[in-house]
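Novice: First the structure, which I've put down as structure tokens, then a few questions once you've had a look.
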Amino acid sequence: MNHNTPVSPRPLSHLSDAQRRVLSAAQLRAHGVSTAQTAAQCRPGGPWQQILPGVFVLHPGPPTSEERLHAALLYAGRPTVERVVPAQARGEGEAGSYGDVMVTGLAALALHRFSSAPPLLSLDRIDVLVPRTRRLRSTGCARLVRVHALPPVQHIGGLPVAPVARALADAVAQLSDADAVRRLLTEAVRGSHCEPSAVVKELTLARLLSRPHVIDAVDSLLAEGRAIAEDRLYAMVRDHGLPDPLWNVDLRLPGGPHLGGVDIYWPDQAVAVELDTRAPRQDEDAMGSPLLERSRELGEWSAYARKREHLERLGITVVHITPKKLREAVEQQATVVRTALMASSDREPPAYVVVLPR
């Protein structure tokens with residue numbers, strides 16, 4: 001038998017080329033190859049090689065980057081015969097046999113087509129997210145990253161991959177180069193891979209914001225994300241025929257206290273738009289944050305809520321728009337604003353406020 005010979009009569013046509021070349025011991029057994037036969041093929045000078053414990057490359061040369069990805073997933077997922085065979089019966093192929101694991105870190109960013117991420121072949125290790133209870137150690141080209149709860153998986157080229165924000169946090173955890181961190185975070189925003197708030201949330205949960213080079217990169221990230229969101233806000237008003245508003249103003253009561261700043265204000269209709277760049281509030285995520293960071297987040301939410309309630313008591317309608325909604329549903333957001341402007345004639349006259357440039 002050589003590396004071009006099918007390992008069993010069971011057809012392999014449902015597998016990709018890389019999947020045919022990288023199989024676990026359980027998958028080989030499912031294809032009729034015994035443990036003794038596998039060991040014989042992996043002898044020095046043999047046609048196969050063991051790349052990770054229980055994972056084999058069915059050719060003698062160096063594994064490709066795709067083969068290393070499959071191998072790391074197979075090792076971390078620990079597919080069993082029971083998991084492999086039903087997947088084939090359902091017509092799902094063996095991609096479903098990886099189990100509850102996914103590629104993360106720099107390898108995931110490379111799969112997400114980040115130009116600032118190193119090429120897959122240059123990575124010494126492939127980071128793989130696994131459940132915290134998985135009893136395996138990092139070894140060879142597979143580095144295991146344990147988590148209490150796995151994020152929603154994305155599939156790229158048939159591989160399970162972590163979403164960009166989570167992959168960024170896992171990549172940053174391994175990086176000490178400030179320029180490399182800044183390039184990755186900047187590309188995430190400029191390339192519209194994810195919103196800054198999602199990145200900051202993941203970095204917070206990973207407790208990485210105590211590192212000075214990460215804090216500096218996040219400051220740049222937030223500034224850039226804010227600028228991009230403001231450009232989209234200008235485009236929304238211009239492209240959807242909304243009336244010309246006042247931009248970036250502070251509101252005050254005559255001779256009274258400062259009410260707060262807003263990004264857009266229509267004084268005749270008493271409608272304000274505020275760009276909401278806070279991270280999404282999710283109690284389960286907040287519970288995992290450091291105490292001081294959680295307190296800061298809750299304080300920020302309280303301040304936003306107080307300002308909105310105060311303005312609305314004065315008869316001013318406040319529309320909050322997130323950068324994500326501006327990117328993914330700008331027409332819907334323009335409709336929300338237009339509806340608020342049209343409804344102004346049906347409301348009680350608002351209190352008089354002083355409008356100042358911010």
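In the structure tokens, the first chain shown is A, the next is B, and so on; residue numbers restart at 1 for each chain, and ligands run from 1 in the order shown.
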How close does each residue of segment 133-172 of chain A get to segment 65-71 of chain A, giving the shortest atom pair and distance in Å to one decimal for every residue with an atom at most 9 Å away, counting only C-alpha atoms, sorted by chain and residue number, as a Markdown table?

Specialist:
| residue | atom | partner | partner_atom | distance |
| --- | --- | --- | --- | --- |
| A:Cys141 | CA | A:Arg68 | CA | 7.3 |
| A:Ala142 | CA | A:Ala71 | CA | 8.2 |
| A:Leu159 | CA | A:His70 | CA | 7.9 |

Novice: Can you pull out every residue within 7 Å of segment 185-200 of chain A, counting only C-alpha atoms, but drop anything in the same chain fewer than 2 positions away, and send it as a ChimeraX atom specification?

Specialist: /A:164-165,181-183,202-204,221-222,225,277-279,323-324

Novice: Would you kindly return, as a PyMOL selection string, each protein, DNA or RNA residue with an atom no farther than 9 Å from any atom of Ser344 of chain A, considering only C-alpha atoms and excluding same-chain residues fewer than 3 positions away?

Specialist: chain A and resi 268-271+317+339-341+347-349

Novice: Going by DSSP on the backbone, which residues of segment 147-349 of chain A come out as strand (DSSP E)? List them as number ranges by chain.

Specialist: A: 147, 154-156, 159-161, 246-252, 258-266, 271-275, 317-321

Novice: If I take atom CA of Glu274 of chain A and atom CA of Gly260 of chain A, how far is one from the other in Å, to one decimal?

Specialist: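 Spanning atom CA of Glu274 of chain A to atom CA of Gly260 of chain A is a straight-line distance of 10.5 Å.
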
Novice: Go through A:Val147, A:Val330, A:Val273, A:Leu259 one by one, measure the shortest atom-to-atom distance of each to Leu356 of chain A using only C-alpha atoms, and give the residue with the smallest value.

Specialist: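 Once distances to Leu356 of chain A are computed over only C-alpha atoms, the minimum belongs to A:Leu259.
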
Novice: Could you give me, as an NGL selection string, each residue of segment 126-218 of chain A that DSSP assigns to alpha helix (DSSP H) when run on this structure's backbone?

Specialist: :A and (164-172 or 178-190 or 196-205 or 212-218)

Novice: Have a look at A:Asn248, A:Ser115, A:Ser24, A:Gln50 and name the one nearest to Gly140 of chain A; count only C-alpha atoms.

Specialist: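 The answer is A:Gln50, which sits nearest to Gly140 of chain A.
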